[in-house]
file entry.cif (mmCIF, C-alpha atoms and all ligand atoms)
data_target
#
loop_
_atom_site.label_atom_id
_atom_site.label_comp_id
_atom_site.auth_asym_id
_atom_site.auth_seq_id
_atom_site.Cartn_x
_atom_site.Cartn_y
_atom_site.Cartn_z
CA MET T 1 -35.34 165.74 -56.04
CA LEU T 2 -35.83 163.79 -52.86
CA THR T 3 -32.68 162.73 -51.13
CA GLU T 4 -32.65 159.11 -50.07
CA ALA T 5 -33.02 160.09 -46.42
CA ALA T 6 -36.05 162.23 -47.20
CA ALA T 7 -37.57 159.39 -49.23
CA ARG T 8 -37.29 156.90 -46.37
CA PRO T 9 -40.65 156.50 -44.64
CA ARG T 10 -41.10 158.04 -41.20
CA THR T 11 -42.79 156.04 -38.44
CA ILE T 12 -44.81 157.64 -35.67
CA ALA T 13 -45.54 155.25 -32.82
CA VAL T 14 -48.90 155.82 -31.15
CA ASP T 15 -48.82 154.29 -27.71
CA LEU T 16 -52.34 153.78 -26.50
CA ALA T 17 -52.58 151.59 -23.41
CA GLY T 18 -52.51 148.01 -24.68
CA ARG T 19 -53.20 148.98 -28.31
CA PRO T 20 -50.06 150.54 -29.78
CA TYR T 21 -49.94 151.16 -33.52
CA ASP T 22 -47.73 152.80 -36.10
CA ILE T 23 -48.41 155.62 -38.50
CA ILE T 24 -46.10 155.32 -41.51
CA VAL T 25 -45.59 158.38 -43.70
CA GLY T 26 -43.75 158.12 -47.00
CA ARG T 27 -43.87 157.94 -50.79
CA GLY T 28 -44.97 155.06 -52.98
CA LEU T 29 -46.25 153.14 -49.96
CA LEU T 30 -49.40 151.80 -51.67
CA ALA T 31 -47.31 149.48 -53.82
CA GLY T 32 -45.75 147.90 -50.72
CA ALA T 33 -48.83 147.99 -48.50
CA GLY T 34 -49.52 144.27 -48.95
CA GLN T 35 -46.33 143.29 -47.11
CA ARG T 36 -47.10 145.56 -44.18
CA ILE T 37 -50.66 144.25 -43.96
CA ALA T 38 -49.56 140.62 -44.21
CA ALA T 39 -47.23 141.32 -41.28
CA LEU T 40 -50.38 141.89 -39.18
CA LYS T 41 -51.11 138.19 -39.77
CA ALA T 42 -54.45 138.48 -41.49
CA ARG T 43 -55.64 136.11 -44.18
CA ARG T 44 -58.12 138.38 -45.84
CA VAL T 45 -58.40 142.10 -46.33
CA ALA T 46 -61.59 143.90 -47.35
CA ILE T 47 -60.74 147.21 -49.01
CA VAL T 48 -63.48 149.79 -48.56
CA THR T 49 -63.08 152.79 -50.85
CA ASP T 50 -65.11 155.30 -52.87
CA ARG T 51 -65.50 155.48 -56.64
CA ASN T 52 -63.08 158.42 -57.12
CA VAL T 53 -60.32 156.87 -55.07
CA ALA T 54 -60.92 153.43 -56.58
CA ALA T 55 -60.37 154.84 -60.07
CA ALA T 56 -57.00 156.31 -59.12
CA HIS T 57 -55.54 153.92 -56.53
CA LEU T 58 -57.45 150.69 -55.90
CA SER T 59 -55.60 148.51 -58.41
CA THR T 60 -52.17 149.43 -56.95
CA ILE T 61 -53.03 148.37 -53.42
CA GLU T 62 -55.05 145.38 -54.59
CA ARG T 63 -52.11 144.06 -56.59
CA SER T 64 -49.81 144.58 -53.65
CA ALA T 65 -52.13 142.66 -51.29
CA LEU T 66 -52.51 139.78 -53.76
CA ALA T 67 -48.74 139.60 -54.16
CA ALA T 68 -48.51 139.22 -50.37
CA ASP T 69 -50.87 136.21 -50.59
CA LEU T 70 -53.83 137.97 -49.02
CA ALA T 71 -57.39 137.32 -50.15
CA VAL T 72 -58.79 140.67 -51.27
CA SER T 73 -62.41 141.89 -51.35
CA PRO T 74 -62.95 145.41 -52.70
CA ILE T 75 -66.09 147.27 -51.61
CA VAL T 76 -66.74 150.54 -53.46
CA VAL T 77 -69.20 153.19 -52.21
CA GLU T 78 -70.33 156.48 -53.74
CA PRO T 79 -68.07 159.45 -52.99
CA GLY T 80 -69.34 162.16 -50.66
CA GLU T 81 -70.76 162.82 -47.22
CA PRO T 82 -74.16 161.11 -47.91
CA SER T 83 -72.31 157.77 -47.78
CA LYS T 84 -71.83 158.27 -44.02
CA SER T 85 -75.37 156.90 -43.56
CA PHE T 86 -77.17 153.94 -42.05
CA ALA T 87 -78.06 152.80 -45.58
CA THR T 88 -74.45 152.67 -46.80
CA LEU T 89 -73.29 151.19 -43.47
CA ALA T 90 -75.81 148.37 -44.02
CA GLU T 91 -74.52 147.79 -47.55
CA VAL T 92 -70.88 147.76 -46.45
CA SER T 93 -71.62 145.47 -43.48
CA ASP T 94 -73.47 143.06 -45.72
CA ALA T 95 -70.64 143.09 -48.26
CA LEU T 96 -68.12 142.37 -45.47
CA LEU T 97 -70.19 139.41 -44.29
CA ALA T 98 -70.66 138.16 -47.87
CA ALA T 99 -66.87 138.34 -48.29
CA ARG T 100 -66.54 136.18 -45.15
CA VAL T 101 -64.44 138.68 -43.26
CA GLU T 102 -63.70 136.95 -39.93
CA ARG T 103 -62.47 138.21 -36.56
CA GLY T 104 -58.80 137.71 -37.49
CA ASP T 105 -59.13 139.54 -40.81
CA LEU T 106 -58.82 143.20 -41.65
CA VAL T 107 -60.91 146.04 -42.97
CA LEU T 108 -58.83 148.54 -44.90
CA ALA T 109 -60.21 152.05 -45.39
CA LEU T 110 -58.77 153.51 -48.61
CA GLY T 111 -60.07 157.04 -49.02
CA GLY T 112 -60.82 160.37 -47.43
CA GLY T 113 -62.49 160.99 -44.09
CA VAL T 114 -65.84 159.77 -45.35
CA VAL T 115 -64.51 156.31 -46.19
CA GLY T 116 -62.36 156.25 -43.03
CA ASP T 117 -65.28 157.07 -40.74
CA LEU T 118 -67.69 154.70 -42.50
CA ALA T 119 -65.35 151.73 -42.94
CA GLY T 120 -63.93 152.31 -39.46
CA PHE T 121 -67.39 152.14 -37.91
CA ALA T 122 -68.27 149.04 -39.97
CA ALA T 123 -65.06 147.41 -38.66
CA ALA T 124 -65.92 148.42 -35.10
CA ILE T 125 -69.27 146.64 -35.16
CA LEU T 126 -68.66 143.73 -37.56
CA ARG T 127 -68.61 140.56 -35.45
CA ARG T 128 -68.15 142.92 -32.44
CA GLY T 129 -64.99 144.32 -33.90
CA VAL T 130 -62.40 143.42 -36.51
CA ARG T 131 -59.08 145.12 -37.03
CA LEU T 132 -58.83 148.26 -39.13
CA VAL T 133 -56.06 149.61 -41.33
CA GLN T 134 -56.39 153.23 -42.40
CA VAL T 135 -54.92 154.25 -45.75
CA PRO T 136 -56.01 157.90 -45.93
CA THR T 137 -55.97 159.49 -49.38
CA SER T 138 -57.12 163.09 -48.77
CA LEU T 139 -54.85 165.55 -46.99
CA LEU T 140 -57.56 166.04 -44.36
CA ALA T 141 -57.69 162.31 -43.69
CA GLN T 142 -53.89 162.05 -43.62
CA VAL T 143 -53.43 164.76 -41.00
CA ASP T 144 -56.64 164.38 -39.04
CA SER T 145 -59.38 161.78 -39.43
CA SER T 146 -57.23 158.64 -39.87
CA VAL T 147 -55.52 159.22 -36.51
CA GLY T 148 -57.36 159.08 -33.21
CA GLY T 149 -59.91 156.29 -33.53
CA LYS T 150 -63.15 158.24 -33.97
CA THR T 151 -65.45 156.48 -36.45
CA GLY T 152 -69.08 157.00 -37.29
CA ILE T 153 -71.93 158.08 -39.51
CA ASN T 154 -74.43 160.93 -39.73
CA THR T 155 -78.19 160.89 -39.15
CA GLY T 156 -80.96 163.31 -40.09
CA ARG T 157 -80.37 164.92 -36.68
CA GLY T 158 -76.76 165.78 -37.27
CA LYS T 159 -73.22 164.76 -38.14
CA ASN T 160 -71.22 161.99 -36.46
CA LEU T 161 -74.00 161.25 -33.97
CA ILE T 162 -73.71 157.47 -34.28
CA GLY T 163 -70.28 155.95 -33.94
CA ALA T 164 -67.59 154.28 -31.92
CA PHE T 165 -64.00 154.71 -30.83
CA HIS T 166 -62.09 152.09 -32.83
CA GLN T 167 -58.34 152.59 -33.05
CA PRO T 168 -56.61 151.37 -36.20
CA SER T 169 -53.95 148.64 -36.11
CA LEU T 170 -51.88 150.53 -38.68
CA VAL T 171 -52.06 153.80 -40.62
CA ILE T 172 -50.29 153.94 -43.98
CA ILE T 173 -49.89 157.46 -45.39
CA ASP T 174 -48.69 157.50 -48.98
CA VAL T 175 -48.04 161.16 -49.77
CA ASP T 176 -47.94 160.37 -53.51
CA VAL T 177 -51.69 159.69 -53.60
CA LEU T 178 -52.31 163.40 -53.01
CA LYS T 179 -51.25 164.07 -56.63
CA SER T 180 -54.74 163.04 -57.74
CA LEU T 181 -56.54 165.01 -55.01
CA PRO T 182 -58.49 168.07 -56.29
CA ALA T 183 -56.75 171.37 -55.37
CA ARG T 184 -59.72 172.60 -53.35
CA GLU T 185 -59.60 169.45 -51.17
CA PHE T 186 -55.85 169.88 -50.71
CA ARG T 187 -56.32 173.44 -49.43
CA ALA T 188 -59.09 172.28 -47.10
CA GLY T 189 -56.75 169.69 -45.57
CA TYR T 190 -54.07 172.34 -45.24
CA ALA T 191 -56.34 174.30 -42.89
CA GLU T 192 -56.45 171.36 -40.47
CA MET T 193 -52.66 171.07 -40.74
CA ALA T 194 -52.17 174.74 -39.84
CA LYS T 195 -54.49 174.13 -36.89
CA TYR T 196 -51.80 172.11 -35.09
CA GLY T 197 -49.45 175.10 -35.21
CA LEU T 198 -52.15 177.41 -33.94
CA ILE T 199 -53.08 175.07 -31.06
CA ASP T 200 -49.72 174.71 -29.34
CA ASP T 201 -46.78 174.94 -31.73
CA ALA T 202 -45.92 178.44 -32.91
CA ASP T 203 -42.66 177.17 -34.47
CA PHE T 204 -44.61 174.76 -36.66
CA PHE T 205 -46.91 177.56 -37.79
CA ALA T 206 -43.89 179.71 -38.66
CA ARG T 207 -42.39 176.79 -40.58
CA LEU T 208 -45.63 176.41 -42.54
CA GLU T 209 -45.53 180.12 -43.37
CA ARG T 210 -41.99 179.69 -44.73
CA SER T 211 -42.61 176.51 -46.70
CA THR T 212 -46.06 177.14 -48.18
CA ASN T 213 -44.80 177.00 -51.77
CA GLU T 214 -42.96 173.73 -51.29
CA ILE T 215 -45.93 172.20 -49.47
CA PHE T 216 -48.36 173.14 -52.24
CA ALA T 217 -45.83 171.86 -54.84
CA GLN T 218 -45.94 168.60 -52.83
CA GLY T 219 -42.19 168.62 -52.16
CA PRO T 220 -40.44 167.05 -49.14
CA ALA T 221 -41.75 169.78 -46.80
CA LEU T 222 -45.20 168.26 -47.29
CA ASP T 223 -44.07 164.86 -45.97
CA GLU T 224 -42.51 166.54 -42.98
CA ALA T 225 -45.59 168.64 -42.25
CA ILE T 226 -47.89 165.60 -42.51
CA ALA T 227 -45.71 163.58 -40.14
CA LYS T 228 -45.57 166.53 -37.73
CA SER T 229 -49.36 166.90 -37.84
CA CYS T 230 -49.93 163.19 -37.15
CA ALA T 231 -47.51 163.34 -34.23
CA ALA T 232 -49.34 166.39 -32.84
CA LYS T 233 -52.74 164.74 -33.11
CA ALA T 234 -51.44 161.44 -31.72
CA ALA T 235 -49.94 163.27 -28.73
CA LEU T 236 -53.28 164.87 -27.88
CA VAL T 237 -55.11 161.56 -28.37
CA MET T 238 -52.62 159.72 -26.14
CA ARG T 239 -53.18 162.34 -23.44
CA ASP T 240 -56.97 162.13 -23.66
CA GLU T 241 -58.33 159.30 -25.84
CA PHE T 242 -62.02 159.84 -25.06
CA GLU T 243 -62.05 163.66 -25.09
CA THR T 244 -62.71 164.40 -21.47
CA GLY T 245 -60.16 167.22 -21.52
CA ASP T 246 -57.32 168.41 -23.74
CA ARG T 247 -58.38 166.50 -26.88
CA ALA T 248 -61.02 169.23 -27.24
CA LEU T 249 -58.22 171.60 -28.32
CA LEU T 250 -58.46 169.84 -31.70
CA ASN T 251 -61.79 171.64 -32.05
CA LEU T 252 -60.04 175.00 -32.53
CA GLY T 253 -62.15 176.92 -35.05
CA HIS T 254 -64.78 174.19 -35.10
CA THR T 255 -67.54 175.85 -33.05
CA PHE T 256 -67.72 178.62 -35.66
CA ALA T 257 -67.06 176.15 -38.49
CA HIS T 258 -69.94 173.85 -37.61
CA ALA T 259 -72.33 176.80 -37.33
CA LEU T 260 -71.25 177.98 -40.80
CA GLU T 261 -71.59 174.49 -42.27
CA THR T 262 -75.07 174.25 -40.76
CA ALA T 263 -75.88 177.73 -42.08
CA VAL T 264 -75.13 176.65 -45.67
CA GLY T 265 -76.95 173.34 -45.16
CA TYR T 266 -73.73 171.35 -45.55
CA ASP T 267 -73.63 172.35 -49.19
CA GLY T 268 -70.10 171.29 -50.17
CA SER T 269 -70.19 173.35 -53.34
CA ARG T 270 -70.39 176.50 -51.18
CA LEU T 271 -68.19 175.42 -48.28
CA VAL T 272 -66.17 172.29 -47.60
CA HIS T 273 -65.25 171.42 -44.01
CA GLY T 274 -61.62 172.60 -44.13
CA GLU T 275 -62.72 175.94 -45.56
CA ALA T 276 -65.20 176.33 -42.71
CA VAL T 277 -62.35 175.53 -40.32
CA ALA T 278 -60.14 178.18 -41.93
CA ILE T 279 -62.82 180.82 -41.38
CA GLY T 280 -63.55 179.38 -37.93
CA MET T 281 -59.92 179.57 -36.80
CA VAL T 282 -59.63 183.19 -37.92
CA LEU T 283 -62.87 183.94 -36.06
CA ALA T 284 -61.54 182.17 -32.95
CA PHE T 285 -58.43 184.39 -33.01
CA ARG T 286 -60.43 187.54 -33.76
CA PHE T 287 -62.86 186.63 -30.98
CA SER T 288 -59.93 186.12 -28.60
CA ALA T 289 -58.65 189.57 -29.56
CA PHE T 290 -62.18 191.03 -29.17
CA LEU T 291 -62.25 189.63 -25.61
CA GLY T 292 -58.85 191.21 -24.93
CA LEU T 293 -57.14 187.82 -24.60
CA ALA T 294 -54.90 187.81 -27.69
CA PRO T 295 -53.09 190.42 -29.76
CA GLU T 296 -55.05 191.58 -32.82
CA ALA T 297 -51.77 191.18 -34.75
CA ASP T 298 -51.84 187.41 -34.22
CA ALA T 299 -55.38 187.22 -35.59
CA ALA T 300 -54.27 189.25 -38.61
CA ARG T 301 -51.27 186.95 -39.14
CA VAL T 302 -53.46 183.83 -39.07
CA ALA T 303 -55.88 185.41 -41.56
CA ALA T 304 -53.07 186.57 -43.85
CA HIS T 305 -51.46 183.14 -43.98
CA LEU T 306 -54.65 181.20 -44.67
CA ALA T 307 -55.70 183.75 -47.31
CA SER T 308 -52.27 183.45 -48.95
CA VAL T 309 -52.95 179.80 -49.81
CA GLY T 310 -56.38 180.61 -51.20
CA LEU T 311 -58.52 179.67 -48.22
CA PRO T 312 -61.55 181.76 -47.23
CA THR T 313 -61.03 183.67 -43.96
CA ARG T 314 -64.22 185.73 -43.57
CA ILE T 315 -67.90 184.84 -43.45
CA GLY T 316 -68.27 187.21 -46.40
CA ASP T 317 -66.01 184.93 -48.47
CA ILE T 318 -68.80 182.32 -48.59
CA SER T 319 -70.91 182.63 -51.73
CA GLY T 320 -74.56 183.56 -51.32
CA GLU T 321 -76.51 184.51 -48.21
CA VAL T 322 -75.30 183.29 -44.80
CA ALA T 323 -77.31 183.55 -41.57
CA GLY T 324 -76.67 186.62 -39.39
CA PRO T 325 -75.09 186.79 -35.90
CA GLU T 326 -78.27 185.92 -33.99
CA LYS T 327 -78.90 182.73 -36.00
CA LEU T 328 -75.23 181.69 -35.99
CA VAL T 329 -75.07 181.89 -32.20
CA GLU T 330 -78.27 179.84 -32.02
CA MET T 331 -76.63 177.19 -34.19
CA MET T 332 -73.52 177.16 -31.98
CA ALA T 333 -75.72 176.78 -28.93
CA GLN T 334 -77.41 173.76 -30.48
CA ASP T 335 -74.12 172.24 -31.51
CA LYS T 336 -72.50 172.56 -28.11
CA LYS T 337 -75.38 172.33 -25.62
CA VAL T 338 -75.53 175.67 -23.84
CA VAL T 339 -75.20 175.58 -20.08
CA GLY T 340 -76.84 178.67 -18.57
CA GLY T 341 -76.23 180.78 -21.69
CA ALA T 342 -72.53 179.87 -21.75
CA LEU T 343 -70.76 178.33 -24.76
CA THR T 344 -67.54 176.36 -25.05
CA PHE T 345 -64.92 177.81 -27.39
CA ILE T 346 -61.29 177.09 -28.05
CA LEU T 347 -59.72 180.51 -27.63
CA ALA T 348 -56.09 181.62 -27.70
CA HIS T 349 -53.68 183.94 -25.94
CA GLY T 350 -51.78 184.01 -29.24
CA ILE T 351 -50.48 181.72 -31.97
CA GLY T 352 -49.61 178.36 -30.40
CA LYS T 353 -51.31 179.33 -27.14
CA SER T 354 -54.84 177.99 -27.35
CA PHE T 355 -57.00 176.95 -24.42
CA ILE T 356 -60.47 175.62 -23.67
CA ALA T 357 -62.94 178.27 -22.51
CA ARG T 358 -66.06 176.59 -21.17
CA ASP T 359 -67.91 179.63 -19.94
CA VAL T 360 -68.18 182.10 -22.80
CA PRO T 361 -71.48 183.99 -22.57
CA ALA T 362 -73.53 183.55 -25.75
CA ALA T 363 -74.14 187.31 -25.62
CA LYS T 364 -70.38 187.97 -26.05
CA ALA T 365 -70.28 185.74 -29.13
CA ARG T 366 -73.25 187.61 -30.56
CA ALA T 367 -71.65 190.99 -29.83
CA PHE T 368 -68.45 189.82 -31.53
CA LEU T 369 -70.24 188.63 -34.68
CA GLU T 370 -72.24 191.88 -34.76
CA SER T 371 -69.00 193.87 -34.54
CA LEU T 372 -67.76 192.01 -37.64
CA ALA T 373 -70.99 192.59 -39.51
CA ALA T 374 -70.76 196.30 -38.70
CA ALA T 375 -67.12 196.60 -39.80
N1 LIG V 1 -62.81 160.66 -37.46
C1 LIG V 1 -62.30 161.85 -37.26
O1 LIG V 1 -61.58 162.10 -36.29
C2 LIG V 1 -62.57 162.93 -38.26
C3 LIG V 1 -61.84 164.12 -38.21
C4 LIG V 1 -62.08 165.07 -39.17
C5 LIG V 1 -63.02 164.85 -40.18
N2 LIG V 1 -63.72 163.67 -40.19
C6 LIG V 1 -64.71 163.41 -41.24
O2 LIG V 1 -64.03 163.35 -42.48
C7 LIG V 1 -64.94 163.66 -43.52
C8 LIG V 1 -64.29 164.59 -44.50
O3 LIG V 1 -63.15 163.96 -45.04
P1 LIG V 1 -62.53 164.41 -46.43
O4 LIG V 1 -62.37 165.86 -46.45
O5 LIG V 1 -61.36 163.55 -46.68
O6 LIG V 1 -63.74 164.12 -47.44
P2 LIG V 1 -64.01 162.93 -48.45
O7 LIG V 1 -63.71 161.62 -47.89
O8 LIG V 1 -65.38 163.18 -48.97
O9 LIG V 1 -62.97 163.23 -49.62
C9 LIG V 1 -63.07 164.43 -50.34
C10 LIG V 1 -63.19 164.15 -51.86
O10 LIG V 1 -61.90 163.82 -52.36
C11 LIG V 1 -61.95 162.58 -53.05
N3 LIG V 1 -60.64 161.96 -52.84
C12 LIG V 1 -60.08 161.55 -51.68
N4 LIG V 1 -58.82 161.18 -51.88
C13 LIG V 1 -58.55 161.33 -53.20
C14 LIG V 1 -57.40 161.12 -54.01
N5 LIG V 1 -56.24 160.74 -53.50
N6 LIG V 1 -57.51 161.36 -55.34
C15 LIG V 1 -58.70 161.82 -55.87
N7 LIG V 1 -59.79 162.07 -55.16
C16 LIG V 1 -59.72 161.82 -53.83
C17 LIG V 1 -63.12 161.84 -52.46
O11 LIG V 1 -63.64 160.89 -53.37
C18 LIG V 1 -64.10 162.98 -52.21
O12 LIG V 1 -64.78 163.30 -53.39
C19 LIG V 1 -66.17 164.25 -42.84
O13 LIG V 1 -67.22 163.32 -42.89
C20 LIG V 1 -65.74 164.48 -41.41
O14 LIG V 1 -66.78 164.34 -40.49
C21 LIG V 1 -63.51 162.73 -39.26
ZN ZN V 2 -62.13 169.42 -38.72
#

call {"tool": "encode", "arguments": {"input": "entry.cif", "output": "C-alpha cells"}}
result
Amino acid sequence: MLTEAAARPRTIAVDLAGRPYDIIVGRGLLAGAGQRIAALKARRVAIVTDRNVAAAHLSTIERSALAADLAVSPIVVEPGEPSKSFATLAEVSDALLAARVERGDLVLALGGGVVGDLAGFAAAILRRGVRLVQVPTSLLAQVDSSVGGKTGINTGRGKNLIGAFHQPSLVIIDVDVLKSLPAREFRAGYAEMAKYGLIDDADFFARLERSTNEIFAQGPALDEAIAKSCAAKAALVMRDEFETGDRALLNLGHTFAHALETAVGYDGSRLVHGEAVAIGMVLAFRFSAFLGLAPEADAARVAAHLASVGLPTRIGDISGEVAGPEKLVEMMAQDKKVVGGALTFILAHGIGKSFIARDVPAAKARAFLESLAAA
C-alpha cells in the first residue's frame, strides 16, 4: 500500500533561463490533468497520441480536459518509429491547423518517445511555435525523452536528423499508465534509468540494485526512481541545454547502441532502443576496463545487474547475425563523424564516474570488439 506521503505527487522544477517548467510525478494524474493544463491559461488543447496509447488512456485525459472547460482535439497516429516521418508530421500539422490551434493554445503529447518527439516538433513549428505539454506514457519517455526539449523526426538518411529544441511548458508523469505498457518496453526504459546511476550517481545505481523487485512490481520505489531520473536529466540539461559539453554524458552506451541498431536495420522485433543501450552501456564499461581506465569488476557488476532484470548485455544476445567488429566500428564512425581516425565515447573510471573521451582511436575500438569476439 502507498502511504499518503508516497502518493502525493513530487514536483521537479526545471529552471531554464526564462523558461522554467515543472515535471510532476505521481499516480492517477491523468484524471486531474485538465486542471493543471487549464492553469496554463490555454483555451484549446490538441492531444496527439498513438493508437495503442489512445485505446488505454485517451478517454481519461480527454474527459479531464473537458471538465476543465478546455476545447479538446484528439489526433491519433500509428504506433511505432515510422511515424517520426515527414509524412506523419504533415498530417499532424494539418490536423492542428484544422483544429484551429492558435498561438496561445497547447499541444499535448500523450505517448512514448515517438509521439513526444513528433508532437513536440509539430508544436515547435506550428505558427512558429505553440506551447507543449508532455504526458509521457512509456518508461523511456518518462525518464528520458519527455525531459530536455529535443524534438524531431527521422529521414531516410538517419534518425533524429530534422528537429528543434522546444522545451515543454509542463511535464505530467502518471506512473499508473505504465500498468498497460508491455513488459519488454518497461525493461527497455529501465536501461535508460540505470544509465543515470552509471553516469554520475553510484548511490542511485546501488539503490536500483536493491529495489529491482519493487520497481518491476511498480511499487513506490518506481515513483522515486522516475523522479530521481528526471532530476538527473534536468540537471544535465540545465548545465548544457544545447549539448556543447556535459549533456553528452547522457549518451553513455549510445555510440555502441546506435551501431547495433543500425546493424539490425532498426528492426524493433530484434532489438529495441533500450535493449541496445543496455548492451551499449556494458560495452562502454568493458571498453573502459580494456583501456585500463576502469576496474573489470565494475563492468561485471553492470552486466550482472542489467542481465538480472532480463535485459540483453552482450552482442551475442541479439537474435540472428550481427555485423562483425570491422563493420560496427565503421557504423560508429559514420554516426559520430570521425576526426582523424578518432571517435567520441562516453567512458568511465567506474560506476558513477563517467566522462567524455573525444579522442579514442578507431583502431582501439576495433581491437576491443575483436577481443570480445575471440573470447
Ligand atoms: N527527445 C529525446 O530526448 C529522446 C530521448 C530518447 C529517445 N527518444 C526517442 O524516443 C523514441 C522511443 O520512445 P519509446 O521507447 O517510448 O517508443 P514508442 O513511443 O514507440 O513506445 C513504445 C511502444 O509502447 C506503446 N506504449 C507507450 N506507452 C504505452 C502505455 N502506457 N500502454 C500501452 N502501450 C504503450 C507505444 O504505442 C509503442 O508501441 C525513439 O524515437 C527515440 O529516438 C527521444
Ligand atoms: Zn537512449

call {"tool": "residues_around", "arguments": {"input": "entry.cif", "residues": "Lys364 (chain T)", "least_positions_apart": "4", "cutoff": "10 Å", "atoms": "all atoms listed in the file", "output": "PDB file with C-alpha atoms, in the frame of the given file"}}
result
ATOM      1  CA  PHE T 287     -62.860 186.630 -30.980  1.00  0.00           C
ATOM      2  CA  PHE T 290     -62.180 191.030 -29.170  1.00  0.00           C
ATOM      3  CA  LEU T 291     -62.250 189.630 -25.610  1.00  0.00           C
ATOM      4  CA  VAL T 329     -75.070 181.890 -32.200  1.00  0.00           C
ATOM      5  CA  ALA T 342     -72.530 179.870 -21.750  1.00  0.00           C
ATOM      6  CA  LEU T 343     -70.760 178.330 -24.760  1.00  0.00           C
ATOM      7  CA  VAL T 360     -68.180 182.100 -22.800  1.00  0.00           C
ATOM      8  CA  PHE T 368     -68.450 189.820 -31.530  1.00  0.00           C
ATOM      9  CA  LEU T 369     -70.240 188.630 -34.680  1.00  0.00           C
ATOM     10  CA  GLU T 370     -72.240 191.880 -34.760  1.00  0.00           C
TER      11      GLU T 370
END

call {"tool": "axis_aligned_box", "arguments": {"input": "entry.cif", "around": "ligand LIG 1 (chain V)", "padding_each_side": "8 Å", "output": "lines of an AutoDock Vina configuration file"}}
result
center_x = -61.7
center_y = 163.3
center_z = -46.1
size_x = 27.0
size_y = 21.2
size_z = 35.6

call {"tool": "residues_near_ligand", "arguments": {"input": "entry.cif", "ligand": "ligand LIG 1 (chain V)", "cutoff": "6 Å", "atoms": "all atoms listed in the file", "output": "mmCIF file with C-alpha atoms, in the coordinates of the input"}}
result
data_model
loop_
_atom_site.group_PDB
_atom_site.id
_atom_site.type_symbol
_atom_site.label_atom_id
_atom_site.label_comp_id
_atom_site.auth_asym_id
_atom_site.auth_seq_id
_atom_site.Cartn_x
_atom_site.Cartn_y
_atom_site.Cartn_z
ATOM 1 C CA ASP T 50 -65.110 155.300 -52.870
ATOM 2 C CA ASN T 52 -63.080 158.420 -57.120
ATOM 3 C CA VAL T 53 -60.320 156.870 -55.070
ATOM 4 C CA PRO T 79 -68.070 159.450 -52.990
ATOM 5 C CA GLY T 80 -69.340 162.160 -50.660
ATOM 6 C CA GLU T 81 -70.760 162.820 -47.220
ATOM 7 C CA GLY T 111 -60.070 157.040 -49.020
ATOM 8 C CA GLY T 112 -60.820 160.370 -47.430
ATOM 9 C CA GLY T 113 -62.490 160.990 -44.090
ATOM 10 C CA VAL T 114 -65.840 159.770 -45.350
ATOM 11 C CA VAL T 115 -64.510 156.310 -46.190
ATOM 12 C CA ASP T 117 -65.280 157.070 -40.740
ATOM 13 C CA THR T 137 -55.970 159.490 -49.380
ATOM 14 C CA SER T 138 -57.120 163.090 -48.770
ATOM 15 C CA LEU T 140 -57.560 166.040 -44.360
ATOM 16 C CA ALA T 141 -57.690 162.310 -43.690
ATOM 17 C CA ASP T 144 -56.640 164.380 -39.040
ATOM 18 C CA SER T 145 -59.380 161.780 -39.430
ATOM 19 C CA LYS T 150 -63.150 158.240 -33.970
ATOM 20 C CA THR T 151 -65.450 156.480 -36.450
ATOM 21 C CA VAL T 177 -51.690 159.690 -53.600
ATOM 22 C CA LEU T 178 -52.310 163.400 -53.010
ATOM 23 C CA SER T 180 -54.740 163.040 -57.740
ATOM 24 C CA LEU T 181 -56.540 165.010 -55.010
#

call {"tool": "atom_distance", "arguments": {"input": "entry.cif", "atom1": "CA of Glu241 (chain T)", "atom2": "CA of Leu110 (chain T)"}}
result
23.5 Å

call {"tool": "residues_near_ligand", "arguments": {"input": "entry.cif", "ligand": "ligand ZN 2 (chain V)", "cutoff": "7 Å", "atoms": "only C-alpha atoms and all ligand atoms", "output": "MDAnalysis selection string"}}
result
chainID T and resid 192 254 273:274 277

call {"tool": "closest_residue", "arguments": {"input": "entry.cif", "among": "T:His258, T:Arg314, T:Lys179, T:Arg36", "to": "Val133 (chain T)", "atoms": "all atoms listed in the file"}}
result
T:Arg36

call {"tool": "atom_distance", "arguments": {"input": "entry.cif", "atom1": "CA of Leu40 (chain T)", "atom2": "CA of Pro20 (chain T)"}}
result
12.8 Å

call {"tool": "closest_residue", "arguments": {"input": "entry.cif", "among": "T:Val92, T:Ala13, T:Leu208, T:Ala363", "to": "Glu78 (chain T)", "atoms": "all atoms listed in the file"}}
result
T:Val92

call {"tool": "closest_residue", "arguments": {"input": "entry.cif", "among": "T:His305, T:Arg131, T:Ala294, T:Ala17", "to": "Phe205 (chain T)", "atoms": "only C-alpha atoms"}}
result
T:His305

call {"tool": "residues_around", "arguments": {"input": "entry.cif", "residues": "region 220-226 of chain T", "least_positions_apart": "5", "cutoff": "10 Å", "atoms": "all atoms listed in the file", "output": "JSON, numbers by chain"}}
result
{"T": [1, 2, 3, 6, 7, 9, 10, 25, 26, 27, 139, 140, 142, 143, 144, 173, 174, 175, 176, 190, 193, 194, 204, 207, 208, 211, 212, 213, 214, 215, 231, 232]}

call {"tool": "residues_near_point", "arguments": {"input": "entry.cif", "point": "(-59.2, 143.5, -40.7)", "cutoff": "10 Å", "atoms": "only C-alpha atoms", "output": "short mmCIF file (atom, residue, chain, number, x, y, z; two decimals) with C-alpha atoms, in the coordinates of the input"}}
result
data_model
loop_
_atom_site.label_atom_id
_atom_site.label_comp_id
_atom_site.auth_asym_id
_atom_site.auth_seq_id
_atom_site.Cartn_x
_atom_site.Cartn_y
_atom_site.Cartn_z
CA ILE T 37 -50.66 144.25 -43.96
CA LEU T 40 -50.38 141.89 -39.18
CA LYS T 41 -51.11 138.19 -39.77
CA ALA T 42 -54.45 138.48 -41.49
CA ARG T 43 -55.64 136.11 -44.18
CA ARG T 44 -58.12 138.38 -45.84
CA VAL T 45 -58.40 142.10 -46.33
CA ALA T 46 -61.59 143.90 -47.35
CA ILE T 47 -60.74 147.21 -49.01
CA VAL T 101 -64.44 138.68 -43.26
CA GLU T 102 -63.70 136.95 -39.93
CA ARG T 103 -62.47 138.21 -36.56
CA GLY T 104 -58.80 137.71 -37.49
CA ASP T 105 -59.13 139.54 -40.81
CA LEU T 106 -58.82 143.20 -41.65
CA VAL T 107 -60.91 146.04 -42.97
CA LEU T 108 -58.83 148.54 -44.90
CA ALA T 109 -60.21 152.05 -45.39
CA ALA T 123 -65.06 147.41 -38.66
CA LEU T 126 -68.66 143.73 -37.56
CA GLY T 129 -64.99 144.32 -33.90
CA VAL T 130 -62.40 143.42 -36.51
CA ARG T 131 -59.08 145.12 -37.03
CA LEU T 132 -58.83 148.26 -39.13
CA VAL T 133 -56.06 149.61 -41.33
CA PRO T 168 -56.61 151.37 -36.20
CA SER T 169 -53.95 148.64 -36.11
#
